[in-house]
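Peer 1: Dropping a structure here in structure tokens format, bear with me for questions.
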Amino acid sequence: IFALDGLRFLHIHPGWLPAVRGADGLLWSLMTRGKPGASCFYMEPGLDVGDVVARREFSDLRFDIPGDRPDDQTLYRALFSYIDPMLRAAVLMDDVLTAGDDLSNLPATAQDLDLGVTYHFLEPDLRSVALRDLFA
């Protein structure tokens, strides 16, 4: 589908490209960079490798949970159902839609693919550590 003439796809990834590519980008960003990030890029064959249209790192992200702390699966679902989409939407609304007049051909910068790491989904014990730091 990427070879079709005149057709380009934008994706907003929950990680600071090219430093954080792959799965669980929001948690990996928090663990490796100390803060969340999101990047908008033109999709290409390969995992999170296209030219970057916009990217942003956000302030430190932490949540104090009063009372009984929900289990990790509930917190993980809440993170990727609510918080992650809000960060992506902020990049879309504030950085992408204001990047140029022609939304079909936004200015973009090639990634240096020698930088960064392609991460995989966090293993449950490591995910628990990340969630414990995020949800006090």
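Please note that chains go A, B, ... in the order of the structure tokens, that every chain numbers its residues from 1, and that ligands are numbered from 1 in the order shown.
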Show me, as a PyMOL selection string, the residues that have an atom within 7 Å of range 130-135 of chain A when counting only C-alpha atoms, minus same-chain residues fewer than 5 positions from it.
Peer 2: chain A and resi 27+31+61-65+72
Peer 1: What are the closest atom pairs, with distances in Å to one decimal, for each residue of range 15-41 of chain A lying within 10 Å of range 79-85 of chain A, using only C-alpha atoms, rows by chain and rising residue number, as JSON lines?
Peer 2:
```
{"residue": "A:Asp24", "atom": "CA", "partner": "A:Phe80", "partner_atom": "CA", "distance": 8.9}
{"residue": "A:Gly25", "atom": "CA", "partner": "A:Asp84", "partner_atom": "CA", "distance": 9.4}
{"residue": "A:Leu26", "atom": "CA", "partner": "A:Asp84", "partner_atom": "CA", "distance": 7.0}
{"residue": "A:Leu27", "atom": "CA", "partner": "A:Leu79", "partner_atom": "CA", "distance": 9.2}
{"residue": "A:Pro36", "atom": "CA", "partner": "A:Asp84", "partner_atom": "CA", "distance": 9.1}
{"residue": "A:Gly37", "atom": "CA", "partner": "A:Asp84", "partner_atom": "CA", "distance": 9.6}
{"residue": "A:Ala38", "atom": "CA", "partner": "A:Asp84", "partner_atom": "CA", "distance": 8.9}
```
Peer 1: Among range 7-84 of chain A, which ones does DSSP assign to alpha helix (DSSP H) (computed from the backbone)? Answer as a PyMOL selection string.
Peer 2: chain A and resi 25-33+72-78+84
Peer 1: Would you mind exporting N, CA, C and O atoms of the selected residues as a short mmCIF file (atom, residue, chain, number, x, y, z; two decimals), in the first residue's frame?
Peer 2:
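Okay, selection_20.cif is ready:
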```cif
data_model
loop_
_atom_site.label_atom_id
_atom_site.label_comp_id
_atom_site.auth_asym_id
_atom_site.auth_seq_id
_atom_site.Cartn_x
_atom_site.Cartn_y
_atom_site.Cartn_z
N GLY A 25 5.83 2.64 23.39
CA GLY A 25 6.65 3.83 23.26
C GLY A 25 6.53 4.82 24.40
O GLY A 25 7.52 5.43 24.80
N LEU A 26 5.33 4.98 24.93
CA LEU A 26 5.16 5.91 26.04
C LEU A 26 5.94 5.46 27.27
O LEU A 26 6.67 6.24 27.89
N LEU A 27 5.83 4.19 27.62
CA LEU A 27 6.57 3.68 28.79
C LEU A 27 8.07 3.67 28.54
O LEU A 27 8.85 4.04 29.43
N TRP A 28 8.50 3.28 27.35
CA TRP A 28 9.93 3.29 27.05
C TRP A 28 10.47 4.72 27.07
O TRP A 28 11.60 4.95 27.52
N SER A 29 9.68 5.70 26.58
CA SER A 29 10.12 7.10 26.64
C SER A 29 10.32 7.54 28.08
O SER A 29 11.31 8.20 28.41
N LEU A 30 9.37 7.19 28.94
CA LEU A 30 9.48 7.55 30.35
C LEU A 30 10.71 6.90 30.99
O LEU A 30 11.43 7.54 31.76
N MET A 31 10.96 5.64 30.66
CA MET A 31 12.06 4.91 31.29
C MET A 31 13.42 5.33 30.74
O MET A 31 14.39 5.38 31.50
N THR A 32 13.52 5.64 29.45
CA THR A 32 14.83 5.92 28.87
C THR A 32 15.14 7.41 28.76
O THR A 32 16.30 7.79 28.76
N ARG A 33 14.11 8.24 28.65
CA ARG A 33 14.32 9.68 28.47
C ARG A 33 13.81 10.51 29.65
O ARG A 33 14.05 11.70 29.71
N ASP A 72 -1.86 -3.64 37.82
CA ASP A 72 -1.07 -3.16 36.68
C ASP A 72 -1.83 -3.23 35.36
O ASP A 72 -1.69 -2.33 34.53
N GLN A 73 -2.60 -4.26 35.14
CA GLN A 73 -3.33 -4.36 33.86
C GLN A 73 -4.32 -3.22 33.70
O GLN A 73 -4.46 -2.65 32.62
N THR A 74 -5.00 -2.85 34.77
CA THR A 74 -5.95 -1.73 34.73
C THR A 74 -5.21 -0.42 34.47
O THR A 74 -5.64 0.40 33.64
N LEU A 75 -4.09 -0.22 35.13
CA LEU A 75 -3.30 1.00 34.91
C LEU A 75 -2.74 1.06 33.50
O LEU A 75 -2.73 2.12 32.86
N TYR A 76 -2.28 -0.08 32.99
CA TYR A 76 -1.76 -0.15 31.62
C TYR A 76 -2.85 0.21 30.61
O TYR A 76 -2.63 0.99 29.68
N ARG A 77 -4.03 -0.35 30.81
CA ARG A 77 -5.15 -0.05 29.91
C ARG A 77 -5.53 1.43 29.99
O ARG A 77 -5.82 2.05 28.97
N ALA A 78 -5.56 1.98 31.19
CA ALA A 78 -5.89 3.40 31.35
C ALA A 78 -4.85 4.28 30.66
O ALA A 78 -5.19 5.26 29.98
N ASP A 84 -2.15 8.22 26.63
CA ASP A 84 -1.45 8.13 25.34
C ASP A 84 -2.21 8.85 24.22
O ASP A 84 -1.62 9.68 23.52
#
```
Peer 1: Choose the residue, out of A:Ile1, A:Ala19, A:Val53, A:Leu7, that has the smallest atom-to-atom separation from Asp95 in chain A; count only C-alpha atoms.
Peer 2: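 Counting only C-alpha atoms, the residue closest to Asp95 in chain A is A:Val53.
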Peer 1: So which residues touch Phe2 in chain A within 9 Å, counting only C-alpha atoms, skipping near sequence neighbours fewer than 6 positions away, as a list in words?
Peer 2: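 Using only C-alpha atoms, the neighbours found are Arg8, Phe9, Met43, Glu44 and Pro45 of chain A.
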Peer 1: Please, which residues of range 16-115 of chain A, numbered as in this document, come out strand (DSSP E or B) from DSSP, as a list in words?
Peer 2: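 These are the residues in question: Val20, Arg21, Gly22, Gly37, Ala38, Ser39, Cys40, Phe41, Tyr42, Val52, Val53, Ala54, Arg55, Arg56, Glu57, Phe63 and Thr109 of chain A.
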Peer 1: Mind checking which residues fall within 12 Å of Leu47 in chain A, counting only C-alpha atoms, ignoring those fewer than 4 positions away in the same chain, and posting them as a PyMOL selection string?
Peer 2: chain A and resi 11+13+17-18+20-23+41-43+51+113+117-120
Peer 1: Store the residues of this selection in a file with N, CA, C and O atoms, as a compact mmCIF listing (two decimals), in the first residue's frame.
Peer 2:
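Written out: part-v8.txt:
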```
# COMPACT_ATOMS: atom_id res chain seq x y z
N HIS A 11 1.31 8.94 10.88
CA HIS A 11 1.10 8.20 12.12
C HIS A 11 1.69 9.03 13.25
O HIS A 11 2.75 9.64 13.09
N HIS A 13 3.21 8.52 16.75
CA HIS A 13 3.83 7.46 17.56
C HIS A 13 4.10 8.01 18.97
O HIS A 13 4.57 9.14 19.11
N LEU A 17 11.01 10.17 18.22
CA LEU A 17 11.77 9.55 17.14
C LEU A 17 12.99 10.38 16.81
O LEU A 17 12.93 11.60 16.85
N PRO A 18 14.10 9.76 16.49
CA PRO A 18 14.31 8.33 16.29
C PRO A 18 14.73 7.57 17.55
O PRO A 18 14.99 6.37 17.50
N VAL A 20 13.15 6.50 20.30
CA VAL A 20 12.27 5.46 20.83
C VAL A 20 11.32 5.01 19.73
O VAL A 20 10.35 5.69 19.43
N ARG A 21 11.64 3.88 19.12
CA ARG A 21 10.78 3.29 18.10
C ARG A 21 10.16 2.02 18.67
O ARG A 21 10.66 1.45 19.62
N GLY A 22 9.06 1.55 18.07
CA GLY A 22 8.51 0.27 18.45
C GLY A 22 7.36 0.35 19.43
O GLY A 22 6.67 1.36 19.53
N ALA A 23 7.17 -0.74 20.16
CA ALA A 23 6.01 -0.93 21.03
C ALA A 23 6.20 -0.29 22.40
O ALA A 23 7.33 -0.05 22.84
N PHE A 41 4.93 11.14 11.90
CA PHE A 41 5.80 10.86 10.77
C PHE A 41 5.00 10.25 9.63
O PHE A 41 3.89 9.76 9.82
N TYR A 42 5.58 10.32 8.43
CA TYR A 42 5.01 9.65 7.27
C TYR A 42 5.39 8.18 7.35
O TYR A 42 6.57 7.85 7.43
N MET A 43 4.41 7.32 7.31
CA MET A 43 4.68 5.88 7.40
C MET A 43 5.37 5.38 6.14
O MET A 43 5.09 5.84 5.03
N ASP A 51 9.87 9.76 7.54
CA ASP A 51 10.28 11.14 7.78
C ASP A 51 9.38 11.80 8.82
O ASP A 51 8.15 11.67 8.79
N LEU A 113 18.48 6.72 11.16
CA LEU A 113 18.10 5.41 11.68
C LEU A 113 19.22 4.72 12.46
O LEU A 113 19.00 3.68 13.07
N VAL A 117 16.61 3.16 19.38
CA VAL A 117 16.42 1.72 19.56
C VAL A 117 14.99 1.39 19.18
O VAL A 117 14.08 2.18 19.43
N THR A 118 14.79 0.22 18.60
CA THR A 118 13.44 -0.29 18.38
C THR A 118 13.10 -1.21 19.55
O THR A 118 13.73 -2.24 19.74
N TYR A 119 12.14 -0.78 20.34
CA TYR A 119 11.76 -1.50 21.55
C TYR A 119 10.60 -2.44 21.28
O TYR A 119 9.81 -2.23 20.37
N HIS A 120 10.49 -3.44 22.13
CA HIS A 120 9.39 -4.40 22.08
C HIS A 120 8.48 -4.16 23.29
O HIS A 120 8.82 -3.40 24.18
```
Peer 1: So what do you get for CA of Asp112 in chain A versus CA of Val52 in chain A, distance-wise?
Peer 2: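 Straight-line distance from CA of Asp112 in chain A to CA of Val52 in chain A works out to 10.4 Å.
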Peer 1: Quick check, in Å to one decimal: how far apart do CA of Leu4 in chain A and CA of Ala90 in chain A lie?
Peer 2: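 Taking CA of Leu4 in chain A and CA of Ala90 in chain A, their separation equals 29.3 Å.
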Peer 1: What's the separation between CA of Arg69 in chain A and CA of Gly34 in chain A, in Å to one decimal place?
Peer 2: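 According to the coordinates, CA of Arg69 in chain A and CA of Gly34 in chain A are separated by 22.4 Å.
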Peer 1: Considering only C-alpha atoms, return as a short mmCIF file (atom, residue, chain, number, x, y, z; two decimals) with C-alpha atoms, in the first residue's frame whatever protein or nucleic-acid residues lie within 10 Å of Asn105 in chain A, sequence-local ones (same chain, fewer than 2 positions apart) excluded.
Peer 2:
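File selection-v8.cif, as written:
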```cif
data_model
loop_
_atom_site.label_atom_id
_atom_site.label_comp_id
_atom_site.auth_asym_id
_atom_site.auth_seq_id
_atom_site.Cartn_x
_atom_site.Cartn_y
_atom_site.Cartn_z
CA GLY A 6 0.06 10.00 -4.28
CA ARG A 8 0.86 8.89 2.16
CA TYR A 42 5.01 9.65 7.27
CA VAL A 53 6.73 15.95 10.49
CA GLY A 100 1.76 23.84 6.73
CA ASP A 101 -1.11 24.75 4.44
CA ASP A 102 -1.00 21.54 2.39
CA LEU A 103 -1.86 18.70 4.76
CA PRO A 107 7.42 19.41 5.50
CA ALA A 108 9.31 16.53 7.09
#
```
